[in-house]
$ cat coords-v1.txt   # compact mmCIF, C-alpha atoms and all ligand atoms
# COMPACT_ATOMS: atom_id res chain seq x y z
CA MET A 1 48.97 57.49 209.70
CA GLU A 2 50.80 54.86 211.68
CA LYS A 3 51.80 55.51 215.28
CA ARG A 4 55.49 55.18 214.41
CA GLU A 5 55.21 57.67 211.52
CA ARG A 6 53.41 60.11 213.78
CA GLY A 7 56.26 59.76 216.25
CA ILE A 8 58.85 60.48 213.59
CA LEU A 9 56.97 63.53 212.33
CA LEU A 10 56.60 64.73 215.89
CA GLU A 11 60.33 64.30 216.39
CA ALA A 12 60.99 66.33 213.22
CA GLU A 13 58.57 69.02 214.43
CA LYS A 14 60.27 69.14 217.81
CA PHE A 15 63.58 69.41 216.07
CA LYS A 16 62.29 72.28 213.96
CA GLU A 17 61.22 74.19 217.00
CA ASN A 18 64.47 73.37 218.80
CA LYS A 19 62.56 72.04 221.79
CA GLY A 20 64.69 70.07 224.16
CA VAL A 21 67.91 71.37 222.66
CA LYS A 22 68.79 73.61 225.52
CA LYS A 23 72.48 73.95 224.98
CA GLU A 24 72.45 75.05 221.37
CA LYS A 25 71.27 78.60 221.93
CA MET A 26 73.95 79.19 224.51
CA GLY A 27 76.54 77.40 222.43
CA GLU A 28 77.98 77.82 218.99
CA GLU A 29 74.81 79.08 217.28
CA ALA A 30 74.54 81.97 219.69
CA LYS A 31 78.02 83.00 218.60
CA GLY A 32 76.83 83.05 215.01
CA GLU A 33 78.55 79.82 214.02
CA PHE A 34 76.43 77.46 211.95
CA GLU A 35 75.79 74.13 213.65
CA PRO A 36 74.09 71.65 211.31
CA LYS A 37 71.10 69.65 212.46
CA ILE A 38 71.36 66.09 211.25
CA ILE A 39 68.64 63.49 211.61
CA GLY A 40 69.82 59.89 211.49
CA PHE A 41 67.60 56.93 210.68
CA THR A 42 69.44 53.92 211.98
CA CYS A 43 68.84 50.21 212.07
CA ASN A 44 68.27 48.85 215.56
CA TRP A 45 70.63 45.91 215.11
CA CYS A 46 73.67 47.57 213.61
CA THR A 47 74.17 51.30 213.28
CA TYR A 48 72.11 52.20 216.35
CA ALA A 49 74.11 49.69 218.36
CA GLY A 50 77.29 51.08 216.73
CA ALA A 51 76.30 54.55 217.93
CA ASP A 52 75.71 53.09 221.37
CA LEU A 53 79.15 51.50 221.30
CA ALA A 54 80.69 54.81 220.25
CA GLY A 55 79.03 56.37 223.30
CA THR A 56 79.98 53.67 225.77
CA SER A 57 83.57 53.62 224.44
CA ARG A 58 83.67 57.39 224.88
CA LYS A 59 84.44 58.09 221.25
CA LYS A 60 83.94 61.75 220.58
CA TYR A 61 81.73 62.93 217.78
CA PRO A 62 79.80 66.15 217.21
CA PRO A 63 76.42 66.38 218.96
CA ASN A 64 74.72 67.51 215.76
CA VAL A 65 72.96 64.23 215.08
CA ARG A 66 69.65 63.02 216.52
CA LEU A 67 69.07 59.35 215.89
CA ILE A 68 65.72 57.77 215.13
CA ARG A 69 65.79 54.02 215.54
CA LEU A 70 64.16 51.83 212.92
CA MET A 71 64.03 48.07 213.28
CA CYS A 72 65.68 47.78 209.87
CA SER A 73 66.90 50.25 207.26
CA GLY A 74 64.30 48.61 205.01
CA ARG A 75 61.66 50.37 207.12
CA LEU A 76 62.87 53.71 205.81
CA ASP A 77 60.04 55.44 204.02
CA PRO A 78 61.30 58.03 201.50
CA MET A 79 58.75 60.43 202.96
CA PHE A 80 60.64 60.40 206.27
CA VAL A 81 63.67 61.88 204.54
CA LEU A 82 61.70 64.45 202.57
CA LYS A 83 59.66 65.56 205.59
CA VAL A 84 62.72 65.87 207.78
CA LEU A 85 64.52 68.05 205.23
CA LEU A 86 61.45 70.18 204.59
CA ASN A 87 60.95 70.59 208.33
CA GLY A 88 64.33 72.18 208.76
CA ALA A 89 67.00 69.53 209.22
CA ASP A 90 70.22 70.30 207.38
CA ALA A 91 71.03 66.70 206.51
CA VAL A 92 69.86 63.13 206.87
CA PHE A 93 71.97 60.14 207.76
CA ILE A 94 70.79 56.61 207.05
CA GLY A 95 72.57 53.69 208.65
CA GLY A 96 72.00 50.01 208.21
CA CYS A 97 73.62 46.60 208.38
CA HIS A 98 76.28 45.66 205.87
CA PRO A 99 74.91 44.08 202.69
CA GLY A 100 74.17 40.43 203.36
CA GLU A 101 73.93 40.96 207.12
CA CYS A 102 70.42 42.38 207.42
CA HIS A 103 68.43 40.63 210.16
CA TYR A 104 65.43 40.64 207.86
CA ILE A 105 67.45 39.27 204.92
CA LYS A 106 66.85 41.91 202.26
CA GLY A 107 65.89 45.06 204.16
CA ASN A 108 69.09 46.94 203.39
CA PHE A 109 68.83 46.09 199.70
CA TYR A 110 65.38 47.65 199.66
CA ALA A 111 66.79 50.62 201.55
CA ARG A 112 69.57 51.00 198.99
CA ARG A 113 67.04 51.23 196.18
CA ARG A 114 64.91 53.70 198.10
CA ILE A 115 67.92 55.87 198.88
CA ALA A 116 68.79 55.97 195.16
CA ALA A 117 65.19 57.05 194.42
CA ILE A 118 65.31 59.67 197.19
CA ARG A 119 68.53 61.08 195.77
CA THR A 120 66.94 61.41 192.33
CA ILE A 121 64.09 63.42 193.82
CA LEU A 122 66.35 65.54 196.00
CA LYS A 123 68.68 66.30 193.11
CA GLN A 124 65.94 68.46 191.62
CA PHE A 125 66.04 70.64 194.73
CA GLY A 126 69.82 70.56 195.00
CA LEU A 127 69.59 68.62 198.26
CA ASP A 128 70.97 65.26 197.19
CA ASN A 129 74.34 65.99 198.81
CA ARG A 130 72.60 66.33 202.18
CA VAL A 131 71.76 62.64 202.44
CA ARG A 132 74.40 60.13 203.42
CA ALA A 133 73.90 56.40 203.75
CA GLU A 134 76.43 54.07 205.36
CA TRP A 135 76.57 50.47 206.41
CA CYS A 136 77.88 50.33 209.94
CA SER A 137 77.78 47.29 212.20
CA ALA A 138 77.27 47.11 215.96
CA SER A 139 81.02 46.66 216.46
CA GLU A 140 81.96 49.72 214.44
CA GLY A 141 81.66 52.45 217.02
CA ASP A 142 84.85 54.06 215.65
CA LYS A 143 83.40 54.10 212.17
CA PHE A 144 80.16 55.66 213.40
CA ALA A 145 82.04 58.43 215.23
CA ARG A 146 84.20 59.07 212.15
CA ILE A 147 81.15 59.25 209.85
CA MET A 148 79.45 61.73 212.16
CA LYS A 149 82.55 63.93 212.31
CA GLU A 150 82.89 63.88 208.53
CA MET A 151 79.22 64.53 207.99
CA ALA A 152 79.08 67.47 210.40
CA GLU A 153 82.13 69.01 208.67
CA ASP A 154 80.69 68.44 205.18
CA ILE A 155 77.34 70.00 206.09
CA LYS A 156 79.03 72.94 207.78
CA LYS A 157 80.79 73.62 204.48
CA LEU A 158 77.47 73.37 202.60
CA GLY A 159 75.73 75.74 205.00
CA PRO A 160 72.12 75.66 206.22
CA ASN A 161 69.46 73.80 204.32
CA PRO A 162 68.22 76.27 201.67
CA MET A 163 64.74 74.72 201.71
CA ARG A 164 64.23 75.31 205.42
CA GLY A 165 60.89 76.95 206.02
CA LYS A 166 60.23 77.58 202.34
CA ILE A 167 57.58 74.95 201.67
CA LEU A 168 55.92 73.93 204.92
S1 LIG A 201 68.27 44.66 210.16
FE1 LIG A 201 69.80 46.16 209.89
S2 LIG A 201 69.45 46.81 207.87
FE2 LIG A 201 67.96 45.25 208.15
$ encode --input "coords-v1.txt" --output "structure tokens" --more "lines below"
Ligand code: FES
Amino acid sequence: MEKRERGILLEAEKFKENKGVKKEKMGEEAKGEFEPKIIGFTCNWCTYAGADLAGTSRKKYPPNVRLIRLMCSGRLDPMFVLKVLLNGADAVFIGGCHPGECHYIKGNFYARRRIAAIRTILKQFGLDNRVRAEWCSASEGDKFARIMKEMAEDIKKLGPNPMRGKIL
């Protein structure tokens, strides 16, 4: 297993155990309100930078998302998404450069195909509506914040991931 993959799995494991998420227990979840856990796989050059811009411009968005930076959305391995969902995340966000703007030319086209394949697999478990992919550039901090707000609301309506803890 590659070092990077190990890191991602470790991150998912940490997320599962809620390590390092100190506030959550004292916050909304303690009051019985469902707070979705969203893992985001974002391209270093666009969406990750867009998230950074949202932060530095003080755009508000829910703290439900934990971002994992990939050098390109084309690096997304379908197993990352499956493992993250099976390890207890409620949803997965995938962000990459706009079509035609990938720094590695075709990475986001590969990602698009993989996401379609992932959805087909997840549909069998009824989880396909828990994966959202968006193209978001480094200058679209507003868009990133809006997507995160929408996604958190959508997943709250769906409720917790029904597969959590059932397989692994
Ligand atoms: S570099 Fe951003 S999607 Fe490829």
$ residues_around --input "coords-v1.txt" --residues "range 142-154 of chain A" --least-positions-apart "4" --cutoff "12 Å" --atoms "all atoms listed in the file" --output "PyMOL selection string"
chain A and resi 34-40+42+46-67+90-96+129-138+158-160
$ atom_distance --input "coords-v1.txt" --atom1 "CA of Phe41 in chain A" --atom2 "CA of Gln124 in chain A"
22.3 Å
$ closest_residue --input "coords-v1.txt" --among "A:Arg75, A:His103, A:Arg69, A:Lys156" --to "ligand LIG 201 (chain A)" --atoms "only C-alpha atoms and all ligand atoms"
A:His103
$ closest_residue --input "coords-v1.txt" --among "A:Ser73, A:Gly88, A:Gly100, A:Glu140" --to "Arg112 in chain A" --atoms "all atoms listed in the file"
A:Ser73
$ atom_distance --input "coords-v1.txt" --atom1 "CA of Ala111 in chain A" --atom2 "CA of Lys157 in chain A"
27.1 Å
$ residues_near_ligand --input "coords-v1.txt" --ligand "ligand LIG 201 (chain A)" --cutoff "7 Å" --atoms "only C-alpha atoms and all ligand atoms" --output "list of chain:residue names"
A:Cys43, A:Asn44, A:Trp45, A:Cys46, A:Met71, A:Cys72, A:Ser73, A:Gly74, A:Gly96, A:Cys97, A:Cys102, A:His103, A:Tyr104, A:Ile105, A:Lys106, A:Gly107, A:Asn108
$ atom_distance --input "coords-v1.txt" --atom1 "CA of Phe125 in chain A" --atom2 "CA of Tyr110 in chain A"
23.5 Å
$ residues_around --input "coords-v1.txt" --residues "Leu122 in chain A" --least-positions-apart "5" --cutoff "12 Å" --atoms "all atoms listed in the file" --output "PDB file with C-alpha atoms, keeping the file's coordinate frame"
ATOM      1  CA  PRO A  78      61.300  58.030 201.500  1.00  0.00           C
ATOM      2  CA  MET A  79      58.750  60.430 202.960  1.00  0.00           C
ATOM      3  CA  VAL A  81      63.670  61.880 204.540  1.00  0.00           C
ATOM      4  CA  LEU A  82      61.700  64.450 202.570  1.00  0.00           C
ATOM      5  CA  LYS A  83      59.660  65.560 205.590  1.00  0.00           C
ATOM      6  CA  LEU A  85      64.520  68.050 205.230  1.00  0.00           C
ATOM      7  CA  LEU A  86      61.450  70.180 204.590  1.00  0.00           C
ATOM      8  CA  ALA A  91      71.030  66.700 206.510  1.00  0.00           C
ATOM      9  CA  VAL A  92      69.860  63.130 206.870  1.00  0.00           C
ATOM     10  CA  ILE A 115      67.920  55.870 198.880  1.00  0.00           C
ATOM     11  CA  ALA A 116      68.790  55.970 195.160  1.00  0.00           C
ATOM     12  CA  ALA A 117      65.190  57.050 194.420  1.00  0.00           C
ATOM     13  CA  LEU A 127      69.590  68.620 198.260  1.00  0.00           C
ATOM     14  CA  ASP A 128      70.970  65.260 197.190  1.00  0.00           C
ATOM     15  CA  ASN A 129      74.340  65.990 198.810  1.00  0.00           C
ATOM     16  CA  ARG A 130      72.600  66.330 202.180  1.00  0.00           C
ATOM     17  CA  VAL A 131      71.760  62.640 202.440  1.00  0.00           C
ATOM     18  CA  MET A 163      64.740  74.720 201.710  1.00  0.00           C
TER      19      MET A 163
END
$ closest_residue --input "coords-v1.txt" --among "A:Arg164, A:Leu70, A:Glu33, A:Asp77" --to "Ile118 in chain A" --atoms "all atoms listed in the file"
A:Asp77
$ closest_residue --input "coords-v1.txt" --among "A:Arg119, A:Val84, A:Arg113, A:Ala89" --to "Ile155 in chain A" --atoms "all atoms listed in the file"
A:Ala89
$ decode --input "coords-v1.txt" --residues "range 42-160 of chain A" --atoms "C-alpha atoms" --output "PDB file, in the first residue's frame"
ATOM      1  CA  THR A  42      -9.962  18.049  -3.448  1.00  0.00           C
ATOM      2  CA  CYS A  43      -7.503  18.954  -6.139  1.00  0.00           C
ATOM      3  CA  ASN A  44      -4.508  20.912  -4.860  1.00  0.00           C
ATOM      4  CA  TRP A  45      -4.662  23.503  -7.638  1.00  0.00           C
ATOM      5  CA  CYS A  46      -8.330  24.403  -7.667  1.00  0.00           C
ATOM      6  CA  THR A  47     -10.864  23.274  -5.105  1.00  0.00           C
ATOM      7  CA  TYR A  48      -8.391  23.067  -2.230  1.00  0.00           C
ATOM      8  CA  ALA A  49      -7.222  26.574  -3.057  1.00  0.00           C
ATOM      9  CA  GLY A  50     -10.892  27.604  -3.396  1.00  0.00           C
ATOM     10  CA  ALA A  51     -11.513  26.279   0.118  1.00  0.00           C
ATOM     11  CA  ASP A  52      -8.491  28.223   1.287  1.00  0.00           C
ATOM     12  CA  LEU A  53      -9.872  31.363  -0.333  1.00  0.00           C
ATOM     13  CA  ALA A  54     -13.235  30.786   1.334  1.00  0.00           C
ATOM     14  CA  GLY A  55     -11.377  30.633   4.654  1.00  0.00           C
ATOM     15  CA  THR A  56      -9.185  33.661   4.098  1.00  0.00           C
ATOM     16  CA  SER A  57     -12.179  35.673   2.809  1.00  0.00           C
ATOM     17  CA  ARG A  58     -14.066  34.652   5.941  1.00  0.00           C
ATOM     18  CA  LYS A  59     -16.898  33.011   4.055  1.00  0.00           C
ATOM     19  CA  LYS A  60     -18.939  30.963   6.455  1.00  0.00           C
ATOM     20  CA  TYR A  61     -19.670  27.342   5.782  1.00  0.00           C
ATOM     21  CA  PRO A  62     -20.500  24.423   8.071  1.00  0.00           C
ATOM     22  CA  PRO A  63     -17.509  22.726   9.733  1.00  0.00           C
ATOM     23  CA  ASN A  64     -18.761  19.288   8.713  1.00  0.00           C
ATOM     24  CA  VAL A  65     -16.201  18.753   5.982  1.00  0.00           C
ATOM     25  CA  ARG A  66     -12.637  17.456   6.341  1.00  0.00           C
ATOM     26  CA  LEU A  67     -10.592  17.970   3.223  1.00  0.00           C
ATOM     27  CA  ILE A  68      -7.989  15.580   1.898  1.00  0.00           C
ATOM     28  CA  ARG A  69      -5.757  17.181  -0.687  1.00  0.00           C
ATOM     29  CA  LEU A  70      -4.925  15.298  -3.862  1.00  0.00           C
ATOM     30  CA  MET A  71      -2.584  16.724  -6.463  1.00  0.00           C
ATOM     31  CA  CYS A  72      -5.317  16.219  -9.056  1.00  0.00           C
ATOM     32  CA  SER A  73      -8.857  14.841  -8.991  1.00  0.00           C
ATOM     33  CA  GLY A  74      -7.499  12.225 -11.402  1.00  0.00           C
ATOM     34  CA  ARG A  75      -5.636  10.754  -8.421  1.00  0.00           C
ATOM     35  CA  LEU A  76      -8.939   9.764  -6.863  1.00  0.00           C
ATOM     36  CA  ASP A  77      -9.031   6.029  -6.397  1.00  0.00           C
ATOM     37  CA  PRO A  78     -12.614   4.688  -6.197  1.00  0.00           C
ATOM     38  CA  MET A  79     -11.498   2.699  -3.161  1.00  0.00           C
ATOM     39  CA  PHE A  80     -10.922   5.950  -1.258  1.00  0.00           C
ATOM     40  CA  VAL A  81     -14.609   6.783  -1.585  1.00  0.00           C
ATOM     41  CA  LEU A  82     -15.805   3.293  -0.685  1.00  0.00           C
ATOM     42  CA  LYS A  83     -13.483   3.002   2.315  1.00  0.00           C
ATOM     43  CA  VAL A  84     -14.439   6.415   3.630  1.00  0.00           C
ATOM     44  CA  LEU A  85     -18.154   5.608   3.447  1.00  0.00           C
ATOM     45  CA  LEU A  86     -17.694   2.173   4.987  1.00  0.00           C
ATOM     46  CA  ASN A  87     -15.595   3.693   7.755  1.00  0.00           C
ATOM     47  CA  GLY A  88     -18.399   5.925   8.866  1.00  0.00           C
ATOM     48  CA  ALA A  89     -18.417   9.146   6.873  1.00  0.00           C
ATOM     49  CA  ASP A  90     -21.891  10.314   5.921  1.00  0.00           C
ATOM     50  CA  ALA A  91     -20.911  11.731   2.553  1.00  0.00           C
ATOM     51  CA  VAL A  92     -18.020  12.306   0.201  1.00  0.00           C
ATOM     52  CA  PHE A  93     -17.251  15.456  -1.721  1.00  0.00           C
ATOM     53  CA  ILE A  94     -14.949  15.422  -4.725  1.00  0.00           C
ATOM     54  CA  GLY A  95     -13.635  18.689  -6.098  1.00  0.00           C
ATOM     55  CA  GLY A  96     -11.486  19.320  -9.116  1.00  0.00           C
ATOM     56  CA  CYS A  97     -10.576  21.849 -11.764  1.00  0.00           C
ATOM     57  CA  HIS A  98     -13.116  22.837 -14.374  1.00  0.00           C
ATOM     58  CA  PRO A  99     -13.079  20.624 -17.471  1.00  0.00           C
ATOM     59  CA  GLY A 100     -10.247  21.722 -19.730  1.00  0.00           C
ATOM     60  CA  GLU A 101      -8.360  23.404 -16.880  1.00  0.00           C
ATOM     61  CA  CYS A 102      -6.723  20.396 -15.236  1.00  0.00           C
ATOM     62  CA  HIS A 103      -3.017  21.008 -14.584  1.00  0.00           C
ATOM     63  CA  TYR A 104      -2.331  17.473 -15.734  1.00  0.00           C
ATOM     64  CA  ILE A 105      -4.459  17.888 -18.880  1.00  0.00           C
ATOM     65  CA  LYS A 106      -6.947  15.040 -18.529  1.00  0.00           C
ATOM     66  CA  GLY A 107      -7.035  14.228 -14.811  1.00  0.00           C
ATOM     67  CA  ASN A 108     -10.527  15.568 -14.228  1.00  0.00           C
ATOM     68  CA  PHE A 109     -11.872  13.662 -17.217  1.00  0.00           C
ATOM     69  CA  TYR A 110     -10.538  10.465 -15.683  1.00  0.00           C
ATOM     70  CA  ALA A 111     -12.052  11.518 -12.374  1.00  0.00           C
ATOM     71  CA  ARG A 112     -15.418  12.097 -14.033  1.00  0.00           C
ATOM     72  CA  ARG A 113     -15.431   8.564 -15.394  1.00  0.00           C
ATOM     73  CA  ARG A 114     -14.390   7.113 -12.060  1.00  0.00           C
ATOM     74  CA  ILE A 115     -17.082   9.048 -10.238  1.00  0.00           C
ATOM     75  CA  ALA A 116     -19.694   7.642 -12.644  1.00  0.00           C
ATOM     76  CA  ALA A 117     -18.377   4.128 -11.913  1.00  0.00           C
ATOM     77  CA  ILE A 118     -18.400   4.798  -8.158  1.00  0.00           C
ATOM     78  CA  ARG A 119     -22.006   5.967  -8.351  1.00  0.00           C
ATOM     79  CA  THR A 120     -23.010   2.765 -10.144  1.00  0.00           C
ATOM     80  CA  ILE A 121     -21.474   0.697  -7.352  1.00  0.00           C
ATOM     81  CA  LEU A 122     -22.910   2.853  -4.588  1.00  0.00           C
ATOM     82  CA  LYS A 123     -26.377   2.771  -6.121  1.00  0.00           C
ATOM     83  CA  GLN A 124     -26.598  -0.885  -5.146  1.00  0.00           C
ATOM     84  CA  PHE A 125     -26.190   0.116  -1.501  1.00  0.00           C
ATOM     85  CA  GLY A 126     -28.431   3.162  -1.797  1.00  0.00           C
ATOM     86  CA  LEU A 127     -25.472   5.456  -1.150  1.00  0.00           C
ATOM     87  CA  ASP A 128     -25.087   7.113  -4.534  1.00  0.00           C
ATOM     88  CA  ASN A 129     -26.782  10.293  -3.297  1.00  0.00           C
ATOM     89  CA  ARG A 130     -24.039  10.689  -0.688  1.00  0.00           C
ATOM     90  CA  VAL A 131     -21.344  11.503  -3.226  1.00  0.00           C
ATOM     91  CA  ARG A 132     -21.141  14.940  -4.783  1.00  0.00           C
ATOM     92  CA  ALA A 133     -18.597  16.058  -7.348  1.00  0.00           C
ATOM     93  CA  GLU A 134     -18.086  19.682  -8.345  1.00  0.00           C
ATOM     94  CA  TRP A 135     -15.642  21.640 -10.422  1.00  0.00           C
ATOM     95  CA  CYS A 136     -14.511  24.613  -8.388  1.00  0.00           C
ATOM     96  CA  SER A 137     -11.574  26.852  -9.230  1.00  0.00           C
ATOM     97  CA  ALA A 138      -9.126  28.582  -6.893  1.00  0.00           C
ATOM     98  CA  SER A 139     -11.012  31.859  -7.319  1.00  0.00           C
ATOM     99  CA  GLU A 140     -14.377  30.380  -6.407  1.00  0.00           C
ATOM    100  CA  GLY A 141     -14.301  30.591  -2.639  1.00  0.00           C
ATOM    101  CA  ASP A 142     -17.958  31.693  -2.648  1.00  0.00           C
ATOM    102  CA  LYS A 143     -18.919  28.683  -4.695  1.00  0.00           C
ATOM    103  CA  PHE A 144     -17.033  26.341  -2.374  1.00  0.00           C
ATOM    104  CA  ALA A 145     -18.773  27.780   0.693  1.00  0.00           C
ATOM    105  CA  ARG A 146     -22.163  27.509  -1.030  1.00  0.00           C
ATOM    106  CA  ILE A 147     -21.540  23.883  -2.041  1.00  0.00           C
ATOM    107  CA  MET A 148     -20.566  22.971   1.511  1.00  0.00           C
ATOM    108  CA  LYS A 149     -23.678  24.624   2.932  1.00  0.00           C
ATOM    109  CA  GLU A 150     -25.903  22.834   0.426  1.00  0.00           C
ATOM    110  CA  MET A 151     -24.194  19.526   0.973  1.00  0.00           C
ATOM    111  CA  ALA A 152     -24.416  19.693   4.763  1.00  0.00           C
ATOM    112  CA  GLU A 153     -28.138  20.514   4.492  1.00  0.00           C
ATOM    113  CA  ASP A 154     -28.777  17.718   1.971  1.00  0.00           C
ATOM    114  CA  ILE A 155     -26.997  15.116   4.097  1.00  0.00           C
ATOM    115  CA  LYS A 156     -28.783  16.281   7.233  1.00  0.00           C
ATOM    116  CA  LYS A 157     -32.051  15.573   5.436  1.00  0.00           C
ATOM    117  CA  LEU A 158     -30.796  12.122   4.392  1.00  0.00           C
ATOM    118  CA  GLY A 159     -29.688  11.269   7.924  1.00  0.00           C
ATOM    119  CA  PRO A 160     -26.676   9.216   9.036  1.00  0.00           C
TER     120      PRO A 160
END
